[in-house]
$ cat my_file_10.cif   # mmCIF, C-alpha atoms
data_model
loop_
_atom_site.label_atom_id
_atom_site.label_comp_id
_atom_site.auth_asym_id
_atom_site.auth_seq_id
_atom_site.Cartn_x
_atom_site.Cartn_y
_atom_site.Cartn_z
CA MET A 163 -78.27 111.76 320.53
CA ASP A 164 -74.84 112.11 322.15
CA SER A 165 -73.57 115.61 322.83
CA VAL A 166 -70.27 116.92 321.48
CA ILE A 167 -68.61 116.47 324.85
CA ASP A 168 -69.87 112.88 325.15
CA ARG A 169 -68.45 112.01 321.73
CA ALA A 170 -65.16 113.73 322.56
CA PHE A 171 -64.87 111.83 325.84
CA ALA A 172 -65.79 108.52 324.22
CA ALA A 173 -62.99 108.96 321.70
CA ALA A 174 -60.33 110.35 324.04
CA LEU A 175 -60.95 108.77 327.42
CA TYR A 176 -62.23 105.32 326.59
CA GLY A 177 -60.00 104.58 323.64
CA ASP A 178 -56.32 103.81 323.37
CA GLY A 179 -53.59 105.78 321.70
CA ASP A 180 -53.26 109.35 320.50
CA ASP A 181 -55.71 109.16 317.60
CA GLY A 182 -58.70 109.16 319.91
CA LEU A 183 -57.17 111.97 321.94
CA ASP A 184 -56.72 114.10 318.81
CA THR A 185 -60.29 113.38 317.73
CA GLY A 186 -61.68 114.38 321.11
CA ALA A 187 -59.59 117.54 321.29
CA SER A 188 -60.66 118.54 317.78
CA LEU A 189 -64.32 118.16 318.68
CA LEU A 190 -63.94 120.27 321.82
CA ALA A 191 -61.82 122.92 320.10
CA ALA A 192 -64.56 123.45 317.55
CA ALA A 193 -67.29 123.80 320.20
CA PRO A 194 -66.66 126.71 322.62
CA GLU A 195 -70.06 126.08 324.17
CA THR A 196 -68.63 122.95 325.82
CA ASP A 197 -66.09 124.83 327.96
CA ALA A 198 -68.17 125.09 331.12
CA ASP A 199 -69.28 121.46 330.90
CA LEU A 200 -65.69 120.38 330.25
CA ARG A 201 -64.56 121.99 333.49
CA ARG A 202 -67.52 120.62 335.42
CA ARG A 203 -66.66 117.11 334.24
CA GLY A 204 -63.14 117.53 335.61
CA GLU A 205 -64.49 118.47 339.03
CA GLU A 206 -66.73 115.41 338.91
CA TYR A 207 -63.74 113.18 338.23
CA LEU A 208 -61.99 114.69 341.24
CA HIS A 209 -65.05 114.08 343.39
CA GLY A 210 -64.92 110.46 342.28
CA ALA A 211 -61.23 110.28 343.16
CA TRP A 212 -61.94 111.49 346.71
CA ARG A 213 -64.60 108.81 347.09
CA HIS A 214 -62.08 106.22 345.95
CA GLY A 215 -59.66 107.19 348.73
CA TRP A 216 -57.45 109.73 346.95
CA GLN A 217 -56.52 113.10 348.42
CA PRO A 218 -55.36 116.34 346.75
CA ALA A 219 -51.66 115.71 347.43
CA ASP A 220 -51.94 112.20 345.96
CA VAL A 221 -53.45 113.49 342.73
CA VAL A 222 -50.91 116.31 342.43
CA ARG A 223 -48.06 113.85 342.99
CA LEU A 224 -49.24 111.61 340.16
CA VAL A 225 -49.89 114.48 337.77
CA ARG A 226 -46.44 115.90 338.45
CA ARG A 227 -44.87 112.49 337.86
CA ASP A 228 -46.81 111.39 334.77
CA LEU A 229 -47.79 114.59 332.97
CA ASP A 230 -46.47 118.15 332.51
CA ASP A 231 -46.73 121.62 334.03
CA PRO A 232 -49.89 122.65 332.11
CA HIS A 233 -51.66 119.54 333.46
CA LEU A 234 -50.41 120.34 336.97
CA ARG A 235 -51.75 123.91 336.79
CA LEU A 236 -55.09 122.65 335.50
CA ALA A 237 -55.30 120.00 338.22
CA ALA A 238 -54.55 122.63 340.87
CA ASP A 239 -57.25 124.91 339.47
CA LEU A 240 -59.83 122.12 339.47
CA ILE A 241 -58.87 120.96 342.98
CA ARG A 242 -59.25 124.49 344.36
CA ALA A 243 -62.68 124.85 342.76
CA GLU A 244 -63.91 121.38 343.75
CA THR A 245 -62.83 121.57 347.38
CA ALA A 246 -64.24 125.10 347.81
CA ARG A 247 -67.75 123.70 347.73
CA TYR A 248 -67.41 121.84 351.04
CA ALA A 249 -68.29 123.39 354.39
CA HIS A 250 -65.79 121.13 356.13
CA LEU A 251 -62.56 119.52 354.97
CA PRO A 252 -60.70 116.60 356.56
CA PRO A 253 -57.95 117.65 359.00
CA ARG A 254 -54.94 117.36 356.67
CA TRP A 255 -56.56 118.76 353.54
CA PRO A 256 -56.08 122.50 354.26
CA ALA A 257 -52.31 121.99 354.48
CA GLN A 258 -52.36 120.07 351.18
CA LEU A 259 -54.29 122.89 349.53
CA ALA A 260 -51.84 125.45 350.93
CA ASP A 261 -48.98 123.46 349.41
CA LEU A 262 -50.89 123.43 346.15
CA ASP A 263 -51.12 127.22 346.17
CA ALA A 264 -47.44 127.56 347.02
CA ASN A 265 -46.14 125.15 344.38
CA THR A 266 -48.32 125.50 341.30
CA GLY A 267 -49.17 129.19 340.90
CA PRO A 268 -52.14 130.50 338.93
CA GLY A 269 -53.66 128.33 336.26
CA GLY A 270 -54.06 130.90 333.50
CA ASP A 271 -53.89 129.39 330.03
CA HIS A 272 -53.69 131.40 326.82
CA ARG A 273 -52.85 128.65 324.33
CA ASP A 274 -54.96 127.64 321.35
CA ARG A 275 -58.18 125.76 321.94
CA PHE A 276 -56.93 122.44 320.55
CA THR A 277 -53.94 122.41 322.93
CA ARG A 278 -56.09 123.38 325.90
CA ALA A 279 -58.57 120.63 325.11
CA THR A 280 -55.75 118.11 324.78
CA VAL A 281 -54.42 119.05 328.23
CA HIS A 282 -57.89 118.64 329.74
CA LEU A 283 -58.41 115.26 328.15
CA GLN A 284 -54.98 113.94 329.11
CA LEU A 285 -55.57 114.94 332.73
CA TYR A 286 -59.08 113.48 332.74
CA ARG A 287 -57.81 110.21 331.32
CA LEU A 288 -55.43 109.94 334.29
CA LEU A 289 -58.18 110.81 336.79
CA LEU A 290 -60.63 108.38 335.22
CA ARG A 291 -58.17 105.51 335.53
CA LEU A 292 -57.34 106.02 339.21
CA PRO A 293 -58.22 102.80 341.06
CA PRO A 294 -59.80 102.69 344.51
CA ILE A 295 -57.20 102.81 347.30
CA GLU A 296 -57.34 102.52 351.07
CA PRO A 297 -58.93 105.70 352.52
CA ALA A 298 -56.63 107.64 354.85
CA GLY A 299 -59.22 109.71 356.66
CA PRO A 300 -62.77 110.98 356.12
CA LEU A 301 -64.21 112.38 352.93
CA PRO A 302 -64.55 116.14 352.41
CA GLY A 303 -67.86 117.36 353.73
CA ASP A 304 -68.20 114.44 356.15
CA THR A 305 -66.14 115.93 358.96
CA VAL A 306 -67.55 118.34 361.49
CA PRO A 307 -64.49 120.14 362.88
CA GLY A 308 -63.91 120.19 366.61
CA PRO A 309 -62.64 123.16 368.58
CA VAL A 310 -59.64 124.80 367.00
CA HIS A 311 -56.54 124.92 369.14
CA GLY A 312 -53.13 126.36 368.45
CA GLU A 313 -50.27 124.01 367.76
CA PRO A 314 -48.95 122.40 370.97
CA ARG A 315 -45.87 124.18 372.26
CA THR A 316 -43.91 120.92 372.06
CA LEU A 317 -44.43 120.69 368.30
CA THR A 318 -43.30 124.28 367.90
CA ARG A 319 -40.10 123.42 369.77
CA ILE A 320 -39.62 120.29 367.65
CA ARG A 321 -39.96 122.29 364.44
CA ALA A 322 -37.39 124.77 365.70
CA LEU A 323 -34.90 122.04 366.64
CA LEU A 324 -35.24 120.32 363.27
CA ALA A 325 -34.85 123.63 361.45
CA LYS A 326 -31.59 124.16 363.33
CA ALA A 327 -30.43 120.64 362.48
CA GLU A 328 -31.09 121.30 358.79
CA ALA A 329 -29.37 124.68 358.82
CA THR A 330 -26.16 123.95 360.68
CA GLY A 331 -23.02 123.04 358.81
CA TYR A 332 -21.62 121.16 361.82
CA PRO A 333 -22.50 117.43 361.96
CA GLU A 334 -22.23 117.28 365.77
CA GLU A 335 -24.76 120.09 366.13
CA ALA A 336 -27.15 118.44 363.67
CA GLU A 337 -26.90 115.21 365.65
CA ALA A 338 -27.64 116.96 368.93
CA PHE A 339 -30.61 118.91 367.54
CA THR A 340 -32.11 115.83 365.84
CA ALA A 341 -31.68 113.61 368.89
CA LYS A 342 -33.31 116.22 371.11
CA ALA A 343 -36.20 116.59 368.65
CA GLN A 344 -36.81 112.82 368.70
CA GLU A 345 -36.77 112.81 372.51
CA LEU A 346 -39.33 115.61 372.54
CA MET A 347 -41.45 113.71 370.02
CA ALA A 348 -41.36 110.65 372.25
CA ARG A 349 -42.34 112.70 375.30
CA HIS A 350 -45.11 114.39 373.33
CA SER A 351 -46.41 110.95 372.37
CA LEU A 352 -46.25 109.72 375.96
CA ASP A 353 -48.05 112.77 377.30
CA ASP A 354 -50.74 112.38 374.65
CA ALA A 355 -51.18 108.67 375.46
CA LEU A 356 -51.37 109.21 379.22
CA LEU A 357 -53.80 112.11 378.88
CA ALA A 358 -56.08 110.01 376.66
CA ALA A 359 -55.94 107.13 379.16
CA ARG A 360 -56.69 109.35 382.18
CA THR A 361 -59.60 111.14 380.51
CA HIS A 362 -60.90 108.00 378.75
CA ALA A 363 -60.81 109.93 375.51
CA LYS A 364 -61.92 108.02 372.42
CA ASP A 365 -58.53 108.41 370.78
CA VAL A 366 -58.16 105.97 367.90
CA PRO A 367 -55.49 105.46 365.25
CA THR A 368 -55.83 107.16 361.91
CA ALA A 369 -53.63 107.40 358.82
CA CYS A 370 -51.86 109.86 356.58
CA ARG A 371 -49.98 109.59 353.30
CA ILE A 372 -46.43 110.77 352.75
CA GLY A 373 -44.91 111.05 349.30
CA VAL A 374 -41.97 108.78 348.45
CA ASP A 375 -40.56 110.22 345.26
CA ALA A 376 -38.01 108.97 342.78
CA PRO A 377 -35.09 108.70 342.51
CA TYR A 378 -33.86 106.20 345.13
CA GLU A 379 -37.41 105.67 346.34
CA THR A 380 -36.64 102.31 347.98
CA ALA A 381 -34.12 103.95 350.32
CA LYS A 382 -36.55 106.78 351.05
CA ALA A 383 -39.34 104.29 351.83
CA ILE A 384 -37.05 102.38 354.21
CA LEU A 385 -36.14 105.66 355.90
CA LEU A 386 -39.83 106.48 356.39
CA ASP A 387 -40.48 102.95 357.67
CA ALA A 388 -37.75 103.41 360.29
CA VAL A 389 -39.02 106.82 361.38
CA ALA A 390 -42.57 105.47 361.64
CA ALA A 391 -41.50 102.46 363.72
CA ALA A 392 -39.52 104.67 366.09
CA ASN A 393 -42.64 106.78 366.67
CA HIS A 394 -45.11 103.93 367.32
CA CYS A 395 -46.52 103.99 363.78
CA ARG A 396 -46.57 101.59 360.87
CA ALA A 397 -45.77 102.53 357.26
CA VAL A 398 -46.97 100.67 354.16
CA TRP A 399 -45.38 101.67 350.86
CA ASN A 400 -47.34 101.85 347.61
CA GLU A 401 -44.50 101.84 345.09
CA ALA A 402 -46.75 102.21 342.04
CA TYR A 403 -48.27 105.50 343.19
CA GLY A 404 -45.28 107.01 345.00
CA PHE A 405 -46.48 107.23 348.59
CA SER A 406 -46.48 105.42 351.92
CA THR A 407 -49.53 105.25 354.16
CA VAL A 408 -48.53 105.77 357.79
CA VAL A 409 -50.91 104.46 360.45
CA GLY A 410 -50.79 105.76 364.02
CA PHE A 411 -52.22 108.21 366.50
CA ASP A 412 -52.42 111.84 365.45
CA ALA A 413 -49.60 113.12 367.67
CA ASP A 414 -47.28 110.40 366.38
CA LEU A 415 -48.21 110.97 362.73
CA GLU A 416 -47.30 114.64 363.11
CA SER A 417 -43.92 113.60 364.50
CA VAL A 418 -43.30 111.16 361.64
CA GLU A 419 -44.07 113.79 359.01
CA LEU A 420 -41.80 116.36 360.65
CA LEU A 421 -38.85 114.07 361.31
CA HIS A 422 -38.96 112.22 357.99
CA THR A 423 -38.89 115.51 356.09
CA SER A 424 -36.03 116.83 358.18
CA LEU A 425 -33.96 113.66 357.88
CA LEU A 426 -34.39 113.67 354.10
CA VAL A 427 -33.14 117.26 354.00
CA GLN A 428 -30.20 116.44 356.27
CA GLY A 429 -29.37 113.24 354.38
CA THR A 430 -29.51 114.92 350.98
CA ALA A 431 -27.26 117.74 352.16
CA ALA A 432 -24.76 115.28 353.63
CA MET A 433 -24.85 113.21 350.44
CA THR A 434 -24.16 116.28 348.29
CA ARG A 435 -21.16 117.22 350.42
CA ALA A 436 -19.77 113.67 350.38
CA GLU A 437 -20.36 113.34 346.65
CA ALA A 438 -18.47 116.56 345.98
CA GLY A 439 -15.49 115.13 347.82
CA GLN A 440 -15.70 111.96 345.76
CA ARG A 441 -15.77 113.88 342.50
CA ALA A 442 -12.84 116.01 343.61
CA ALA A 443 -10.90 112.78 344.10
CA GLY A 444 -11.67 111.74 340.51
CA ARG A 445 -14.61 109.39 341.07
CA LYS A 446 -17.57 109.58 338.67
CA ARG A 447 -19.92 106.82 339.84
CA THR A 448 -22.46 109.35 341.03
CA LYS A 449 -25.60 107.19 340.76
CA THR A 450 -24.17 104.15 342.54
CA PHE A 451 -22.64 106.37 345.22
CA ARG A 452 -25.97 108.10 345.89
CA GLN A 453 -27.88 104.82 345.96
CA ALA A 454 -25.45 103.28 348.45
CA PHE A 455 -25.32 106.46 350.54
CA LEU A 456 -29.09 106.75 350.95
CA MET A 457 -29.55 103.03 351.55
CA ALA A 458 -26.96 103.06 354.33
CA TYR A 459 -28.45 106.25 355.75
CA ALA A 460 -31.90 104.67 355.80
CA HIS A 461 -30.73 101.41 357.33
CA ARG A 462 -28.89 103.12 360.17
CA ILE A 463 -31.68 105.38 361.28
CA GLY A 464 -34.14 103.02 363.00
CA GLY A 465 -32.13 101.97 366.02
CA ARG A 466 -30.76 105.43 366.65
CA LEU A 467 -34.22 106.95 366.72
CA ALA A 468 -35.45 104.07 368.86
CA GLU A 469 -32.69 104.78 371.38
CA ALA A 470 -33.92 108.35 371.79
CA GLY A 471 -37.51 107.16 372.21
CA GLU A 472 -36.55 104.52 374.77
CA HIS A 473 -34.61 107.12 376.71
CA ALA A 474 -37.72 109.30 376.86
CA VAL A 475 -39.81 106.35 378.10
CA ARG A 476 -37.29 105.60 380.86
CA GLU A 477 -37.24 109.24 381.92
CA ALA A 478 -41.04 109.43 381.94
CA ALA A 479 -41.27 106.25 384.01
CA THR A 480 -38.72 107.61 386.49
CA GLU A 481 -40.57 110.91 386.79
CA ALA A 482 -43.87 109.10 387.29
CA ALA A 483 -42.38 106.95 390.04
CA GLU A 484 -40.85 109.95 391.79
CA ALA A 485 -44.19 111.76 391.65
CA SER A 486 -46.00 108.64 392.95
CA ARG A 487 -48.13 108.55 389.82
CA GLY A 488 -47.40 104.89 389.20
CA ALA A 489 -44.81 104.24 386.51
CA ALA A 490 -46.32 100.78 386.00
CA ALA A 491 -49.33 102.38 384.31
CA LEU A 492 -47.20 103.73 381.47
CA LEU A 493 -46.20 100.51 379.74
CA PRO A 494 -49.72 99.03 379.50
CA VAL A 495 -50.96 102.27 377.95
CA LEU A 496 -48.20 102.18 375.32
CA ALA A 497 -48.76 98.49 374.66
CA ALA A 498 -52.48 99.04 374.14
CA ARG A 499 -51.78 101.84 371.66
CA ASP A 500 -49.28 99.66 369.77
CA VAL A 501 -51.93 96.93 369.49
CA ALA A 502 -54.49 99.46 368.29
CA VAL A 503 -52.11 100.74 365.58
CA THR A 504 -51.30 97.20 364.42
CA ASP A 505 -54.99 96.25 364.28
CA HIS A 506 -55.89 99.38 362.33
CA ALA A 507 -53.05 98.83 359.86
CA GLU A 508 -54.02 95.20 359.33
CA ARG A 509 -57.63 96.18 358.68
CA MET A 510 -56.50 98.75 356.12
CA PHE A 511 -53.95 96.41 354.55
CA PRO A 512 -54.95 92.79 355.16
CA GLU A 513 -52.26 91.63 352.76
CA THR A 514 -48.78 93.14 352.54
CA THR A 515 -45.50 91.93 351.16
CA THR A 516 -41.91 92.96 351.74
CA THR A 517 -39.88 94.28 348.86
CA ARG A 518 -36.49 92.87 348.00
CA VAL A 519 -33.78 95.49 348.29
CA ARG A 520 -31.21 95.49 345.53
CA GLY A 521 -27.60 94.92 346.51
CA VAL A 522 -25.44 97.95 347.15
CA THR A 523 -22.27 98.05 345.07
CA ASP A 524 -20.52 101.20 346.24
CA ALA A 525 -18.60 100.70 349.49
CA ASP A 526 -17.64 104.37 349.76
CA GLY A 527 -21.25 105.44 349.39
CA TRP A 528 -22.29 102.99 352.10
CA HIS A 529 -19.54 104.20 354.44
CA HIS A 530 -20.41 107.88 353.94
CA GLY A 531 -24.14 107.21 354.29
CA THR A 532 -23.65 105.30 357.52
CA ALA A 533 -21.48 108.08 358.92
CA ALA A 534 -24.07 110.70 357.96
CA ALA A 535 -26.83 108.65 359.59
CA ASP A 536 -24.79 108.38 362.78
CA ARG A 537 -24.40 112.15 362.82
CA ALA A 538 -28.12 112.62 362.23
CA HIS A 539 -28.79 110.24 365.16
CA VAL A 540 -30.00 107.24 363.24
CA THR A 541 -29.44 101.49 363.03
CA PRO A 542 -29.92 98.86 360.66
CA ARG A 543 -33.26 97.44 359.59
CA ASP A 544 -32.79 94.24 357.64
CA ARG A 545 -36.13 94.29 355.89
CA GLY A 546 -37.67 96.46 353.25
CA PRO A 547 -40.80 98.54 353.68
CA ALA A 548 -44.19 96.84 353.67
CA LEU A 549 -46.12 96.89 350.41
CA PRO A 550 -49.90 96.56 350.05
#
$ encode --input "my_file_10.cif" --output "structure tokens"
Amino acid sequence: MDSVIDRAFAAALYGDGDDGLDTGASLLAAAPETDADLRRRGEEYLHGAWRHGWQPADVVRLVRRDLDDPHLRLAADLIRAETARYAHLPPRWPAQLADLDANTGPGGDHRDRFTRATVHLQLYRLLLRLPPIEPAGPLPGDTVPGPVHGEPRTLTRIRALLAKAEATGYPEEAEAFTAKAQELMARHSLDDALLAARTHAKDVPTACRIGVDAPYETAKAILLDAVAAANHCRAVWNEAYGFSTVVGFDADLESVELLHTSLLVQGTAAMTRAEAGQRAAGRKRTKTFRQAFLMAYAHRIGGRLAEAGEHAVREAATEAAEASRGAAALLPVLAARDVAVTDHAERMFPETTTTRVRGVTDADGWHHGTAAADRAHVTPRDRGPALP
């Protein structure tokens, strides 16, 4: 004979519409003895999501987009409890859990039992319907951590430069800070590649996911695609679930995450300033202005970042030649890593398409976005981001 919780789940999770949800919530509300099992089932759904390739940040992103704050607090509570059982977590998971703690707060819930049950069932229905996706790293519990090192000094310097670029109110300073940060990222990547080659380290590409949130998600995905390409990575956008998967070597993935976040902050600040000027002049086409601004900003960034990276490669080659280390060894190492990234991305995503970018209708927005991208040290890419 089916238990109360089985009947509630059959009605709410495997049926359509709100009637089944109300039936399931009513059954659970009338049976306090099901509370512990109800929570355990939620942790089991999360465990299944991890095995299907999802990570905590992915789940939180979807819950925030599709449900409400009570669901988000419940999801955070369940994620904390489920991940606490593992002796080892994948490399990027601790940071995702720290973000969870910072952005969701405690999950206390003092509402009536029917409402609480409804929130549980709505969240579980979302978790149950998550499809398998491409895994971006190992499963929790499967990773034995290596020796813990502090963050490389170069990354600390890069963070400081980008923070200055975001904080300054002077476009020329922001440009200088951002350009220098990209040069340091390129040098960090080169040093990492050469060290791996000299020591014959088994350094292989991996992947991470970066959220691409509405609104104007196409422009944001193109921006991420440009940043990834400039840092020897490849980005594939999953529009339906609001993220891009970036494939590359660890040092380069770190650079992509840092720079993409900073450029979004800088671009949004520049857009807000430009938009204020447009409104002061009597214009009210805010949405079309923003769309055009961010699209132009995204399209201009690739070549500018590539210029900084190429400059770093030339400098490294010159230094290697002067030190008699053999500059000719540098390019084959980089080429081999590019091939490795491409192969890994094609194995993860054997079929991708390119998305058609809608026409931009606001010339002023395009002009201001291009100017802001130039100040942030960013060149056109005539294709959209790759889609799985």
$ resolve_selection --input "my_file_10.cif" --expression "the PyMOL selection byres ((chain A and resi 322-326) around 10)" --output "MDAnalysis selection string"
chainID A and resid 316:321 327:331 335:336 338:344 346 420:421 423:425 427:428
$ atom_distance --input "my_file_10.cif" --atom1 "atom CA of A:Pro252" --atom2 "atom CA of A:Arg396"
21.1 Å
$ resolve_selection --input "my_file_10.cif" --expression "the PyMOL selection byres ((chain A and resi 171) around 10)" --output "list of chain:residue names"
A:Ser165, A:Val166, A:Ile167, A:Asp168, A:Arg169, A:Ala170, A:Ala172, A:Ala173, A:Ala174, A:Leu175, A:Tyr176, A:Gly177, A:Gly182, A:Leu183, A:Thr185, A:Gly186, A:Ala187, A:Leu189, A:Leu190, A:Leu200, A:Leu283, A:Tyr286, A:Arg287
$ atom_distance --input "my_file_10.cif" --atom1 "atom CA of A:Gln258" --atom2 "atom CA of A:Glu513"
28.5 Å
$ residues_around --input "my_file_10.cif" --residues "A:His394" --least-positions-apart "3" --cutoff "12 Å" --atoms "all atoms listed in the file" --output "MDAnalysis selection string"
chainID A and resid 347:348 351:352 355 367 387:391 397 408:418 464 467:468 471:472 496:504
$ atom_distance --input "my_file_10.cif" --atom1 "atom CA of A:Ala381" --atom2 "atom CA of A:Tyr459"
8.2 Å
$ residues_around --input "my_file_10.cif" --residues "A:Arg254" --least-positions-apart "5" --cutoff "12 Å" --atoms "all atoms listed in the file" --output "ChimeraX atom specification"
/A:217-219,259-261,298-302,305,307,368-372,412,415-416,419
$ closest_residue --input "my_file_10.cif" --among "A:Leu240, A:Ile463, A:Ala507, A:Ala436" --to "A:Arg203" --atoms "only C-alpha atoms"
A:Leu240
$ axis_aligned_box --input "my_file_10.cif" --around "stretch 169-187 of chain A" --padding-each-side "6 Å" --output "lines of an AutoDock Vina configuration file"
center_x = -60.9
center_y = 110.7
center_z = 322.5
size_x = 27.2
size_y = 25.7
size_z = 21.8
$ closest_residue --input "my_file_10.cif" --among "A:Phe405, A:Trp399, A:Tyr207, A:Phe455" --to "A:Leu288" --atoms "all atoms listed in the file"
A:Tyr207
$ closest_residue --input "my_file_10.cif" --among "A:Arg278, A:Arg226, A:His350, A:Arg315" --to "A:Asp184" --atoms "all atoms listed in the file"
A:Arg278
$ residues_around --input "my_file_10.cif" --residues "A:Arg201" --least-positions-apart "3" --cutoff "10 Å" --atoms "all atoms listed in the file" --output "VMD selection string"
chain A and resid 196 to 198 204 to 206 236 239 to 240 243 282
$ resolve_selection --input "my_file_10.cif" --expression "the PyMOL selection byres ((chain A and resi 211) around 10)" --output "PyMOL selection string"
chain A and resi 205-210+212-218+220-221+289-295
$ write_last_selection --input "my_file_10.cif" --atoms "C-alpha atoms" --output "compact mmCIF listing (two decimals), in the frame of the given file"
# COMPACT_ATOMS: atom_id res chain seq x y z
CA GLU A 205 -64.49 118.47 339.03
CA GLU A 206 -66.73 115.41 338.91
CA TYR A 207 -63.74 113.18 338.23
CA LEU A 208 -61.99 114.69 341.24
CA HIS A 209 -65.05 114.08 343.39
CA GLY A 210 -64.92 110.46 342.28
CA TRP A 212 -61.94 111.49 346.71
CA ARG A 213 -64.60 108.81 347.09
CA HIS A 214 -62.08 106.22 345.95
CA GLY A 215 -59.66 107.19 348.73
CA TRP A 216 -57.45 109.73 346.95
CA GLN A 217 -56.52 113.10 348.42
CA PRO A 218 -55.36 116.34 346.75
CA ASP A 220 -51.94 112.20 345.96
CA VAL A 221 -53.45 113.49 342.73
CA LEU A 289 -58.18 110.81 336.79
CA LEU A 290 -60.63 108.38 335.22
CA ARG A 291 -58.17 105.51 335.53
CA LEU A 292 -57.34 106.02 339.21
CA PRO A 293 -58.22 102.80 341.06
CA PRO A 294 -59.80 102.69 344.51
CA ILE A 295 -57.20 102.81 347.30
$ closest_residue --input "my_file_10.cif" --among "A:Pro494, A:Leu385, A:Tyr378, A:Thr515" --to "A:Lys449" --atoms "all atoms listed in the file"
A:Tyr378
$ closest_residue --input "my_file_10.cif" --among "A:Glu337, A:Tyr332, A:Arg462, A:Met457" --to "A:Ala383" --atoms "all atoms listed in the file"
A:Met457
